[in-house]
Every structure is written in structure tokens, then in C-alpha cells.
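Shown next: protein_30.pdb, containing PDB, C-alpha atoms.
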```
ATOM      1  CA  MET U   1       4.867   9.989 -11.169
ATOM      2  CA  LYS U   2       3.673   7.022 -13.262
ATOM      3  CA  LYS U   3       4.888   4.544 -10.666
ATOM      4  CA  LEU U   4       3.458   6.690  -7.904
ATOM      5  CA  GLY U   5       0.028   6.506  -9.538
ATOM      6  CA  ILE U   6       0.321   2.751 -10.042
ATOM      7  CA  PHE U   7       1.176   2.233  -6.389
ATOM      8  CA  VAL U   8      -1.813   4.324  -5.291
ATOM      9  CA  MET U   9      -4.055   1.956  -7.248
ATOM     10  CA  LEU U  10      -2.458  -1.120  -5.701
ATOM     11  CA  MET U  11      -2.668   0.214  -2.164
ATOM     12  CA  SER U  12      -6.240   1.503  -2.388
ATOM     13  CA  LEU U  13      -7.592  -1.869  -1.276
ATOM     14  CA  ILE U  14      -5.418  -1.764   1.814
ATOM     15  CA  SER U  15      -6.094   1.865   2.681
ATOM     16  CA  GLN U  16      -9.835   1.206   2.447
ATOM     17  CA  GLY U  17      -9.509  -1.878   4.620
ATOM     18  CA  PHE U  18      -7.768  -0.048   7.450
ATOM     19  CA  SER U  19      -9.112   3.128   9.021
ATOM     20  CA  GLN U  20      -5.729   4.838   9.116
ATOM     21  CA  GLU U  21      -4.655   8.198   7.795
ATOM     22  CA  VAL U  22      -3.079   8.333   4.363
ATOM     23  CA  SER U  23      -0.683  11.147   3.567
ATOM     24  CA  ALA U  24       1.032  11.925   0.281
ATOM     25  CA  GLY U  25       3.142  14.702  -1.105
ATOM     26  CA  GLU U  26       6.620  16.081  -1.678
ATOM     27  CA  ARG U  27       9.346  15.971   0.941
ATOM     28  CA  LYS U  28      10.452  19.399   2.154
ATOM     29  CA  ASP U  29      14.127  18.462   2.008
ATOM     30  CA  ASP U  30      13.831  17.001  -1.506
ATOM     31  CA  PRO U  31      11.051  18.446  -3.719
ATOM     32  CA  GLU U  32      11.762  15.827  -6.413
ATOM     33  CA  LYS U  33      10.942  12.975  -4.034
ATOM     34  CA  LYS U  34       7.313  11.833  -3.999
ATOM     35  CA  GLU U  35       5.930   9.866  -1.049
ATOM     36  CA  ILE U  36       2.808   8.046   0.062
ATOM     37  CA  VAL U  37       2.373   7.037   3.716
ATOM     38  CA  ILE U  38      -0.420   4.840   5.072
ATOM     39  CA  GLY U  39      -0.615   4.860   8.865
ATOM     40  CA  LYS U  40       2.137   5.885  11.259
ATOM     41  CA  ASP U  41       4.238   2.777  10.744
ATOM     42  CA  PHE U  42       2.332   0.718   8.208
ATOM     43  CA  VAL U  43       3.171   1.317   4.543
ATOM     44  CA  LYS U  44       5.469   3.845   2.887
ATOM     45  CA  PHE U  45       6.168   4.366  -0.816
ATOM     46  CA  SER U  46       8.681   6.874  -2.148
ATOM     47  CA  GLU U  47      10.022   7.588  -5.635
ATOM     48  CA  ASN U  48      12.686   9.778  -7.172
ATOM     49  CA  ASP U  49      14.528   9.819 -10.497
ATOM     50  CA  SER U  50      16.800   6.868  -9.693
ATOM     51  CA  SER U  51      14.984   4.608  -7.247
ATOM     52  CA  VAL U  52      11.677   3.336  -5.920
ATOM     53  CA  ASN U  53      11.415   2.440  -2.212
ATOM     54  CA  ILE U  54       8.513   0.443  -0.779
ATOM     55  CA  LYS U  55       8.292  -0.333   2.947
ATOM     56  CA  VAL U  56       5.745  -2.529   4.744
ATOM     57  CA  GLY U  57       6.325  -2.973   8.467
ATOM     58  CA  ASN U  58      10.019  -3.624   9.030
ATOM     59  CA  ARG U  59      10.714  -4.968   5.519
ATOM     60  CA  GLY U  60      11.343  -3.042   2.343
ATOM     61  CA  LEU U  61      12.011  -3.361  -1.361
ATOM     62  CA  ILE U  62      14.358  -1.010  -3.228
ATOM     63  CA  ILE U  63      14.266  -0.901  -7.053
ATOM     64  CA  LEU U  64      17.239   0.948  -8.564
ATOM     65  CA  GLU U  65      16.936   2.094 -12.155
ATOM     66  CA  SER U  66      20.151   2.289 -14.156
ATOM     67  CA  LEU U  67      20.604   5.368 -16.337
ATOM     68  CA  GLU U  68      23.419   3.735 -18.323
ATOM     69  CA  ASN U  69      21.541   0.634 -19.510
ATOM     70  CA  ASP U  70      18.171  -1.061 -19.295
ATOM     71  CA  GLY U  71      19.061  -3.139 -16.267
ATOM     72  CA  THR U  72      17.142  -2.935 -12.984
ATOM     73  CA  GLU U  73      18.593  -3.831  -9.591
ATOM     74  CA  ILE U  74      16.309  -5.116  -6.826
ATOM     75  CA  ARG U  75      17.282  -5.104  -3.148
ATOM     76  CA  ILE U  76      15.398  -6.387  -0.105
ATOM     77  CA  ARG U  77      16.006  -4.553   3.160
ATOM     78  CA  LYS U  78      15.096  -5.189   6.788
ATOM     79  CA  TYR U  79      14.725  -2.038   8.875
ATOM     80  CA  SER U  80      15.986  -1.874  12.439
ATOM     81  CA  SER U  81      13.321  -1.543  15.115
ATOM     82  CA  ASP U  82      15.116   1.470  16.618
ATOM     83  CA  GLU U  83      15.626   3.207  13.264
ATOM     84  CA  VAL U  84      14.323   6.762  13.256
ATOM     85  CA  ASP U  85      11.363   7.275  10.936
ATOM     86  CA  ASP U  86      12.006  10.407   8.871
ATOM     87  CA  ARG U  87       8.259  10.855   8.308
ATOM     88  CA  ASP U  88       7.793  12.234  11.824
ATOM     89  CA  GLU U  89       8.512  15.778  10.690
ATOM     90  CA  TYR U  90       5.316  15.998   8.645
ATOM     91  CA  TYR U  91       3.012  13.198   9.921
ATOM     92  CA  TYR U  92       0.863  13.679  12.993
ATOM     93  CA  ASP U  93      -2.575  12.756  14.331
ATOM     94  CA  GLU U  94      -4.005  15.446  16.543
ATOM     95  CA  ASN U  95      -6.802  13.171  17.776
ATOM     96  CA  GLU U  96      -4.538  10.733  19.592
ATOM     97  CA  ASN U  97      -1.030  10.922  21.020
ATOM     98  CA  ASP U  98       1.734   8.708  19.659
ATOM     99  CA  ASP U  99       2.252   6.774  22.917
ATOM    100  CA  ARG U 100      -1.345   5.549  23.005
ATOM    101  CA  LYS U 101      -1.290   4.543  19.332
ATOM    102  CA  GLU U 102       1.985   2.670  19.739
ATOM    103  CA  THR U 103       0.785   0.843  22.850
ATOM    104  CA  ARG U 104      -2.427  -0.260  21.166
ATOM    105  CA  ARG U 105      -0.625  -1.381  18.009
ATOM    106  CA  GLU U 106       1.947  -3.409  19.956
ATOM    107  CA  SER U 107      -0.790  -5.042  22.042
ATOM    108  CA  ARG U 108      -2.670  -6.194  18.930
ATOM    109  CA  SER U 109       0.443  -7.467  17.194
ATOM    110  CA  ARG U 110       1.483  -9.558  20.214
ATOM    111  CA  SER U 111      -1.897 -11.326  20.298
ATOM    112  CA  PHE U 112      -2.228 -12.092  16.569
ATOM    113  CA  ARG U 113       0.365 -13.318  14.102
ATOM    114  CA  GLY U 114      -0.701 -13.905  10.519
ATOM    115  CA  ASN U 115       0.715 -16.307   7.960
ATOM    116  CA  TRP U 116       2.063 -14.561   4.869
ATOM    117  CA  SER U 117       5.820 -13.969   4.934
ATOM    118  CA  GLY U 118       7.782 -16.992   3.787
ATOM    119  CA  VAL U 119       8.413 -19.070   0.672
ATOM    120  CA  GLU U 120       5.825 -20.569  -1.684
ATOM    121  CA  PHE U 121       6.441 -23.089  -4.442
ATOM    122  CA  GLY U 122       3.924 -24.562  -6.838
ATOM    123  CA  TYR U 123       2.631 -24.713 -10.381
ATOM    124  CA  ASN U 124       1.175 -22.046 -12.630
ATOM    125  CA  ASN U 125      -0.931 -22.112 -15.760
ATOM    126  CA  TYR U 126      -3.777 -20.122 -17.291
ATOM    127  CA  THR U 127      -7.374 -20.612 -18.368
ATOM    128  CA  THR U 128      -9.476 -19.173 -21.154
ATOM    129  CA  SER U 129     -12.352 -16.747 -20.548
ATOM    130  CA  ASP U 130     -14.793 -19.685 -20.192
ATOM    131  CA  ASN U 131     -12.616 -21.145 -17.390
ATOM    132  CA  SER U 132     -11.339 -23.964 -19.598
ATOM    133  CA  HIS U 133      -7.830 -25.381 -19.221
ATOM    134  CA  TYR U 134      -7.824 -26.424 -22.867
ATOM    135  CA  ILE U 135      -6.115 -24.004 -25.225
ATOM    136  CA  PRO U 136      -7.870 -23.518 -28.604
ATOM    137  CA  GLU U 137      -6.018 -25.271 -31.403
ATOM    138  CA  ASP U 138      -5.438 -22.076 -33.386
ATOM    139  CA  ILE U 139      -3.260 -20.830 -30.507
ATOM    140  CA  GLY U 140      -1.918 -24.270 -29.611
ATOM    141  CA  TYR U 141       1.541 -22.744 -29.317
ATOM    142  CA  MET U 142       0.393 -21.231 -25.971
ATOM    143  CA  THR U 143      -0.052 -24.714 -24.456
ATOM    144  CA  VAL U 144       2.293 -25.188 -21.514
ATOM    145  CA  HIS U 145       3.735 -28.309 -19.887
ATOM    146  CA  SER U 146       1.811 -28.338 -16.594
ATOM    147  CA  GLY U 147       4.377 -30.421 -14.717
ATOM    148  CA  LYS U 148       7.254 -28.129 -15.643
ATOM    149  CA  SER U 149       5.608 -24.704 -15.315
ATOM    150  CA  HIS U 150       6.685 -23.660 -11.850
ATOM    151  CA  ASN U 151       5.802 -20.744  -9.609
ATOM    152  CA  LEU U 152       8.037 -19.352  -6.852
ATOM    153  CA  ASN U 153       6.922 -16.658  -4.415
ATOM    154  CA  ILE U 154       9.134 -14.982  -1.827
ATOM    155  CA  ASN U 155       6.959 -13.005   0.583
ATOM    156  CA  PHE U 156       9.459 -10.835   2.434
ATOM    157  CA  ALA U 157       7.276  -8.298   4.282
ATOM    158  CA  GLN U 158       4.245  -8.746   6.510
ATOM    159  CA  VAL U 159       1.997  -6.680   8.738
ATOM    160  CA  SER U 160      -0.561  -8.355  11.034
ATOM    161  CA  LEU U 161      -3.430  -6.364  12.537
ATOM    162  CA  GLY U 162      -5.474  -8.398  14.991
ATOM    163  CA  ILE U 163      -9.199  -8.063  15.594
ATOM    164  CA  THR U 164      -9.027 -10.756  18.282
ATOM    165  CA  ARG U 165      -6.308 -13.161  19.294
ATOM    166  CA  HIS U 166      -7.289 -15.594  16.515
ATOM    167  CA  ILE U 167      -8.807 -13.313  13.848
ATOM    168  CA  GLY U 168      -7.086 -10.485  12.023
ATOM    169  CA  PHE U 169      -6.046  -8.799   8.812
ATOM    170  CA  VAL U 170      -2.742  -9.618   7.116
ATOM    171  CA  THR U 171      -0.972  -7.716   4.372
ATOM    172  CA  GLY U 172       2.575  -7.375   3.105
ATOM    173  CA  MET U 173       4.661  -7.664  -0.046
ATOM    174  CA  GLY U 174       6.202 -10.446  -2.069
ATOM    175  CA  LEU U 175       7.912 -11.261  -5.341
ATOM    176  CA  SER U 176       6.287 -13.795  -7.662
ATOM    177  CA  TRP U 177       8.176 -15.637 -10.402
ATOM    178  CA  ASN U 178       5.987 -17.389 -12.986
ATOM    179  CA  ASN U 179       7.650 -19.806 -15.405
ATOM    180  CA  TYR U 180       5.513 -20.962 -18.337
ATOM    181  CA  ARG U 181       7.210 -23.908 -20.042
ATOM    182  CA  PHE U 182       5.870 -24.297 -23.572
ATOM    183  CA  ASP U 183       4.815 -27.821 -24.486
ATOM    184  CA  ARG U 184       5.552 -27.542 -28.189
ATOM    185  CA  ASN U 185       8.635 -26.660 -30.195
ATOM    186  CA  ASN U 186       8.041 -22.902 -30.113
ATOM    187  CA  ASN U 187       8.206 -19.670 -28.159
ATOM    188  CA  ILE U 188       6.297 -16.385 -28.591
ATOM    189  CA  ASP U 189       7.004 -12.843 -29.689
ATOM    190  CA  LYS U 190       5.168  -9.638 -30.631
ATOM    191  CA  GLY U 191       3.878  -9.531 -34.166
ATOM    192  CA  PRO U 192       2.276  -6.690 -36.139
ATOM    193  CA  GLN U 193       0.512  -4.157 -33.900
ATOM    194  CA  GLY U 194       2.094  -5.898 -30.916
ATOM    195  CA  ILE U 195      -0.223  -8.916 -31.031
ATOM    196  CA  ILE U 196       1.367 -12.025 -29.508
ATOM    197  CA  GLN U 197       2.149 -14.714 -32.069
ATOM    198  CA  GLU U 198       4.095 -17.964 -32.407
ATOM    199  CA  LEU U 199       7.865 -17.862 -32.719
ATOM    200  CA  ASN U 200       9.120 -20.879 -34.657
ATOM    201  CA  PRO U 201      12.863 -21.394 -34.079
ATOM    202  CA  GLY U 202      13.190 -23.625 -37.141
ATOM    203  CA  THR U 203      15.200 -26.235 -35.250
ATOM    204  CA  PRO U 204      14.435 -28.665 -32.388
ATOM    205  CA  LEU U 205      14.405 -27.211 -28.872
ATOM    206  CA  GLU U 206      15.340 -28.906 -25.626
ATOM    207  CA  LYS U 207      13.158 -26.474 -23.696
ATOM    208  CA  SER U 208      11.401 -23.154 -24.166
ATOM    209  CA  LYS U 209       9.729 -20.881 -21.626
ATOM    210  CA  MET U 210       8.490 -17.420 -20.764
ATOM    211  CA  THR U 211       9.085 -15.959 -17.290
ATOM    212  CA  SER U 212       7.484 -12.992 -15.547
ATOM    213  CA  LEU U 213       8.315 -11.306 -12.248
ATOM    214  CA  TYR U 214       5.632  -9.412 -10.309
ATOM    215  CA  LEU U 215       5.592  -7.550  -7.003
ATOM    216  CA  HIS U 216       2.356  -8.498  -5.258
ATOM    217  CA  VAL U 217       0.441  -7.040  -2.300
ATOM    218  CA  PRO U 218      -2.365  -9.018  -0.563
ATOM    219  CA  PHE U 219      -5.107  -7.997   1.845
ATOM    220  CA  LEU U 220      -6.204 -11.104   3.758
ATOM    221  CA  LEU U 221      -8.673 -11.886   6.503
ATOM    222  CA  GLU U 222      -7.248 -14.778   8.540
ATOM    223  CA  LEU U 223      -8.960 -17.121  10.998
ATOM    224  CA  GLN U 224      -6.886 -19.309  13.306
ATOM    225  CA  LEU U 225      -8.431 -22.354  15.031
ATOM    226  CA  PRO U 226      -6.447 -23.710  18.019
ATOM    227  CA  VAL U 227      -5.607 -27.407  17.602
ATOM    228  CA  MET U 228      -3.477 -29.092  20.266
ATOM    229  CA  SER U 229      -0.360 -26.955  20.696
ATOM    230  CA  ASN U 230      -0.748 -25.069  17.410
ATOM    231  CA  HIS U 231      -3.504 -23.918  15.069
ATOM    232  CA  LEU U 232      -5.253 -24.428  11.772
ATOM    233  CA  ASN U 233      -5.265 -21.238   9.719
ATOM    234  CA  ILE U 234      -7.600 -20.155   6.942
ATOM    235  CA  SER U 235      -7.180 -16.897   5.048
ATOM    236  CA  ALA U 236      -8.501 -15.310   1.888
ATOM    237  CA  GLY U 237      -8.730 -11.938   0.222
ATOM    238  CA  PRO U 238      -7.842  -9.785  -2.792
ATOM    239  CA  ILE U 239      -4.331  -9.496  -4.173
ATOM    240  CA  GLY U 240      -2.832  -6.914  -6.549
ATOM    241  CA  ALA U 241       0.456  -6.994  -8.440
ATOM    242  CA  ILE U 242       2.695  -4.856 -10.627
ATOM    243  CA  LYS U 243       5.058  -6.289 -13.241
ATOM    244  CA  VAL U 244       8.764  -5.829 -12.566
ATOM    245  CA  ALA U 245      10.347  -7.822 -15.420
ATOM    246  CA  SER U 246       9.775 -10.517 -18.038
ATOM    247  CA  HIS U 247      11.818 -12.558 -20.497
ATOM    248  CA  SER U 248      11.767 -15.656 -22.679
ATOM    249  CA  LYS U 249      14.392 -18.354 -23.093
ATOM    250  CA  MET U 250      15.012 -21.071 -25.654
ATOM    251  CA  VAL U 251      17.545 -23.869 -25.166
ATOM    252  CA  PHE U 252      18.469 -25.763 -28.327
ATOM    253  CA  GLU U 253      19.446 -29.412 -28.471
ATOM    254  CA  ASP U 254      23.055 -28.463 -29.230
ATOM    255  CA  GLY U 255      23.210 -26.486 -25.947
ATOM    256  CA  ASN U 256      22.941 -22.994 -27.447
ATOM    257  CA  LYS U 257      20.598 -20.579 -25.671
ATOM    258  CA  VAL U 258      18.635 -17.539 -26.815
ATOM    259  CA  LYS U 259      17.123 -15.107 -24.312
ATOM    260  CA  SER U 260      14.840 -12.154 -24.985
ATOM    261  CA  ASN U 261      13.921  -9.450 -22.447
ATOM    262  CA  SER U 262      10.717  -8.447 -24.221
ATOM    263  CA  ASP U 263       7.709  -7.298 -22.197
ATOM    264  CA  PHE U 264       5.427  -9.497 -24.394
ATOM    265  CA  ASN U 265       2.650  -6.955 -23.823
ATOM    266  CA  LEU U 266       1.911  -8.512 -20.449
ATOM    267  CA  ASN U 267      -0.441  -6.420 -18.336
ATOM    268  CA  LEU U 268       1.491  -4.065 -16.097
ATOM    269  CA  LEU U 269      -1.079  -4.429 -13.309
ATOM    270  CA  ARG U 270      -3.094  -7.462 -12.338
ATOM    271  CA  ALA U 271      -5.637  -8.202  -9.621
ATOM    272  CA  GLY U 272      -7.296 -11.316  -8.311
ATOM    273  CA  GLY U 273      -7.998 -13.372  -5.230
ATOM    274  CA  THR U 274      -5.887 -15.663  -3.079
ATOM    275  CA  ALA U 275      -6.670 -18.226  -0.374
ATOM    276  CA  ARG U 276      -4.633 -20.310   2.057
ATOM    277  CA  PHE U 277      -5.360 -23.247   4.332
ATOM    278  CA  GLY U 278      -2.923 -25.088   6.555
ATOM    279  CA  TYR U 279      -1.624 -26.127   9.919
ATOM    280  CA  SER U 280       1.052 -24.162  11.785
ATOM    281  CA  ASN U 281       3.599 -22.869   9.227
ATOM    282  CA  LEU U 282       2.656 -25.168   6.330
ATOM    283  CA  GLN U 283      -0.189 -24.177   4.011
ATOM    284  CA  LEU U 284      -1.771 -24.940   0.684
ATOM    285  CA  TYR U 285      -2.231 -21.789  -1.387
ATOM    286  CA  GLY U 286      -4.109 -20.877  -4.522
ATOM    287  CA  THR U 287      -4.220 -17.601  -6.440
ATOM    288  CA  CYS U 288      -6.226 -16.752  -9.529
ATOM    289  CA  TYR U 289      -6.294 -13.451 -11.398
ATOM    290  CA  ILE U 290      -9.288 -11.780 -12.989
ATOM    291  CA  THR U 291      -6.994  -9.538 -15.042
ATOM    292  CA  PRO U 292      -6.068 -11.061 -18.418
ATOM    293  CA  MET U 293      -2.451 -12.041 -18.866
ATOM    294  CA  PHE U 294      -1.943  -9.819 -21.923
ATOM    295  CA  ARG U 295      -2.996  -6.244 -22.635
ATOM    296  CA  GLU U 296      -6.313  -5.579 -24.292
ATOM    297  CA  GLY U 297      -6.191  -6.315 -28.010
ATOM    298  CA  LYS U 298      -2.722  -7.932 -27.785
ATOM    299  CA  ALA U 299      -3.628 -11.465 -26.664
ATOM    300  CA  PRO U 300      -2.709 -14.397 -28.953
ATOM    301  CA  GLY U 301      -5.496 -15.049 -31.446
ATOM    302  CA  GLY U 302      -7.733 -12.609 -29.559
ATOM    303  CA  TYR U 303      -8.151 -15.096 -26.668
ATOM    304  CA  ASP U 304      -7.844 -13.667 -23.162
ATOM    305  CA  LEU U 305      -5.860 -15.950 -20.829
ATOM    306  CA  TYR U 306      -6.141 -15.734 -17.034
ATOM    307  CA  PRO U 307      -3.181 -16.910 -14.912
ATOM    308  CA  PHE U 308      -3.460 -18.947 -11.719
ATOM    309  CA  GLU U 309      -1.089 -20.563  -9.199
ATOM    310  CA  VAL U 310      -1.400 -23.481  -6.744
ATOM    311  CA  GLY U 311       1.182 -24.926  -4.383
ATOM    312  CA  LEU U 312       2.665 -25.258  -0.907
ATOM    313  CA  ALA U 313       3.720 -22.395   1.349
ATOM    314  CA  PHE U 314       6.092 -22.398   4.323
ATOM    315  CA  THR U 315       5.540 -19.256   6.346
ATOM    316  CA  PHE U 316       7.313 -17.473   9.180
ATOM    317  CA  ASN U 317       4.910 -15.899  11.657
ATOM    318  CA  ASN U 318       5.787 -12.235  12.295
TER
END
```

Translate this file's structure into C-alpha cells.
Amino acid sequence: MKKLGIFVMLMSLISQGFSQEVSAGERKDDPEKKEIVIGKDFVKFSENDSSVNIKVGNRGLIILESLENDGTEIRIRKYSSDEVDDRDEYYYDENENDDRKETRRESRSRSFRGNWSGVEFGYNNYTTSDNSHYIPEDIGYMTVHSGKSHNLNINFAQVSLGITRHIGFVTGMGLSWNNYRFDRNNNIDKGPQGIIQELNPGTPLEKSKMTSLYLHVPFLLELQLPVMSNHLNISAGPIGAIKVASHSKMVFEDGNKVKSNSDFNLNLLRAGGTARFGYSNLQLYGTCYITPMFREGKAPGGYDLYPFEVGLAFTFNN
């Protein structure tokens, strides 16, 4: 139920943005299975003791939790267009028949295709609460090498809802990897009371980094301007994310490696804004979060740090 509650918070922005029915509850055939459904064929979230399933449009993410160890397996699935939706037995809208809703939805989707699903690659860093890129000297160990701190996003699910042929809402799901390459000869760990502190390896390092993996969900308003045979596209909106995993890694000069799967007291949930501008399937993107990187009271030296990402995106119109 904890993950169910977290997902409700993440999806509230989307459910408010679309005037579609939201249903939630237990499945009749499996009382232990909890589900949330937004729209007839829009977003579905289900959870049981061993797995979490999230579906947006015809793409889905399955997170399998191992009972034998701490490992987590992540699978990405594409649903067939003729696959039977098992929600039909308890979802209905008495104000409109299914044929009319399906016809209207298909008509909108044919006229508008957003730009979200695809691959994004860029750089990530963080700022202090006064929007400075300079890290205070007393937490200098948090300084990262800007040129080697990379961000990779794989946006595997997308739903486009057109207002007109060239204006519409876009949402979906994606996985975001953030690699923070430390600039000094150190890493980090949790000290007393869980406060983040410097980890000094005591010997020279070849490289040292911390990596986080988040599942993110955007809600974008996109404008497309026809240019020659294609279009310029501009989009912006809020984005929410939930942490899936995190770890640190140190590589010593002699080739030995040390990896830690600590959670580093990173915030489980984060929210912010994202914007994109480009031509056809190539865009510049930028995302900044208003949620601090670390949990309240656990940040290094008491300084809140706010992550951001910038880079290039290659998208596949759905």
C-alpha cells in the first residue's frame, strides 16, 4: 500500500489535468491486488506482494521484488493493440458508450503526436538553495566534475491527447539515470543520524561517483509550429519522479573497485519542471527539481542541493 499511495501522489497532476474518471480498489478475482485506473485506456497501476505494474498507453513497466535477496528486476513491456483489457469487468461510464469514446480518442491521437518517448543524453549537476553552482567549501567533497557527470533518460511510454492538430497534452513514463562524478578524491556515506558526510578512501582514486535511478512521469503542454515539411516543437510542464535504486562506486588506481548500494538518504519522491525545444525528432531539454536531493535534515553540512539536467533528446513520435 505504500507504493500505491506514492503513485497516487505522482499521478495526481495528470488526473487533474485530464477530465477522465479515476477508479481505484481491489480486484474481485484477487483481493490482495490493488489497482488505480485513470481513464478507459490511459494509465493503470497495480500492486501485489511480489510485483508492481505500471501501464501508460501501450507501454508498461514491471518491477519484480525478490523475496530471497535485496535485488529488484525491472522489465519494460509493450502491450498488443488487440490485447483484452481486464479492467472492463469493473470500469464503465454510463454517460457515454464505449464506441463513441474510442472513436473520439482515435481521432485526436491521429491529428496530434507529441514528443516525449525516446532517448535523452546530457549532463546533470545540482545547485544550492540560492541557485548557485558553487558548492560551499565546508562540503567541498560534494563538488562534481561537470564534464563527466552524465544523465541518461529512456522514455519508453507516451500518451498524446490533442486539443488541436498542433497543440496538445503529452504524458508518459521514463527511467532517468543520474551519474554524479565527484571531482575530488572522495565519495560519500551516511554518518551519525544518517547525515551525509565525506568518505575518504585513504588512497588515490581513478574515479568516484554516485548514481541514482528514478522513474519519472511528466505532464506537458506542447505546441508544434509547421516549418517546411516538418515542425518546430515547444513543450513544458511539471514532472514527478520516484526513486527506484541508487549506488556509489569507487575505482582505485590499481584497478580495484568498491560498490555500495546505499540509499544515501536521497528523497524517495521529487518534483520539478521540464521544458523542451527542437525541430522534428531532435530537441534540447532541461529539467530542474524543486525537491531537495536529500531528505530533510540529512543533507551534507545542512545544505539543500537541487538537481538539474540539460542535454539532447531524440524522440519517436507516437

Q: Choose the residue, out of U:Ser208, U:Thr315, U:Asn186, U:Gln197, that has the smallest atom-to-atom separation from Lys148 (chain U); count all atoms listed in the file.
A: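 Checking each candidate against Lys148 (chain U), we get U:Ser208 as the closest.
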
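This file, queried with the PyMOL selection byres ((chain U and resi 271) around 6), gives the residues U:Ile239, U:Gly240, U:Arg270, U:Gly272, U:Tyr289, U:Thr291.
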
(Q) Can you translate the PyMOL selection byres ((chain U and resi 188-192) around 9) into the concrete residues it hits in this file, as a PyMOL selection string? (A) chain U and resi 141-142+186-187+193-200+209-210+248+262+264-265+298

Q.
Take the PyMOL selection byres ((chain U and resi 151) around 6), run it mentally on this structure, and tell me the resulting residues as a list in words.
A.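 Evaluating the PyMOL selection byres ((chain U and resi 151) around 6) on these coordinates yields Phe121, Gly122, Tyr123, Asn124, His150, Leu152, Trp177 and Asn178 of chain U.
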
Q | Distance of CA of Gly278 (chain U) from CA of His231 (chain U), expressed in Å to one decimal place | A |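 About the pair CA of His231 (chain U) and CA of Gly278 (chain U): they are 8.6 Å apart.
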
(Q) Ranking U:Ser176, U:Asn256, U:Thr171, U:Ser111 by minimum distance to Glu206 (chain U) and counting only C-alpha atoms, which one comes first? (A)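 When distances to Glu206 (chain U) are compared using only C-alpha atoms, the smallest one comes from U:Asn256.
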
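Distances here use only C-alpha atoms; by that measure, the residue among U:His216, U:Arg276, U:Arg113, U:Lys249 closest to Ile167 (chain U) is U:Arg113.
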
Q: Can you pull out every residue within 10 Å of Phe314 (chain U), counting all atoms listed in the file, but drop anything in the same chain fewer than 2 positions away, and send it as a ChimeraX atom specification?
A: /U:115-121,278,280-284,312,316-317

Saved selection, atoms kept: C-alpha atoms, as an mmCIF file, in the coordinates of the input:
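So part.cif came out as:
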```cif
data_model
loop_
_atom_site.group_PDB
_atom_site.id
_atom_site.type_symbol
_atom_site.label_atom_id
_atom_site.label_comp_id
_atom_site.auth_asym_id
_atom_site.auth_seq_id
_atom_site.Cartn_x
_atom_site.Cartn_y
_atom_site.Cartn_z
ATOM 1 C CA ASN U 115 0.715 -16.307 7.960
ATOM 2 C CA TRP U 116 2.063 -14.561 4.869
ATOM 3 C CA SER U 117 5.820 -13.969 4.934
ATOM 4 C CA GLY U 118 7.782 -16.992 3.787
ATOM 5 C CA VAL U 119 8.413 -19.070 0.672
ATOM 6 C CA GLU U 120 5.825 -20.569 -1.684
ATOM 7 C CA PHE U 121 6.441 -23.089 -4.442
ATOM 8 C CA GLY U 278 -2.923 -25.088 6.555
ATOM 9 C CA SER U 280 1.052 -24.162 11.785
ATOM 10 C CA ASN U 281 3.599 -22.869 9.227
ATOM 11 C CA LEU U 282 2.656 -25.168 6.330
ATOM 12 C CA GLN U 283 -0.189 -24.177 4.011
ATOM 13 C CA LEU U 284 -1.771 -24.940 0.684
ATOM 14 C CA LEU U 312 2.665 -25.258 -0.907
ATOM 15 C CA PHE U 316 7.313 -17.473 9.180
ATOM 16 C CA ASN U 317 4.910 -15.899 11.657
#
```
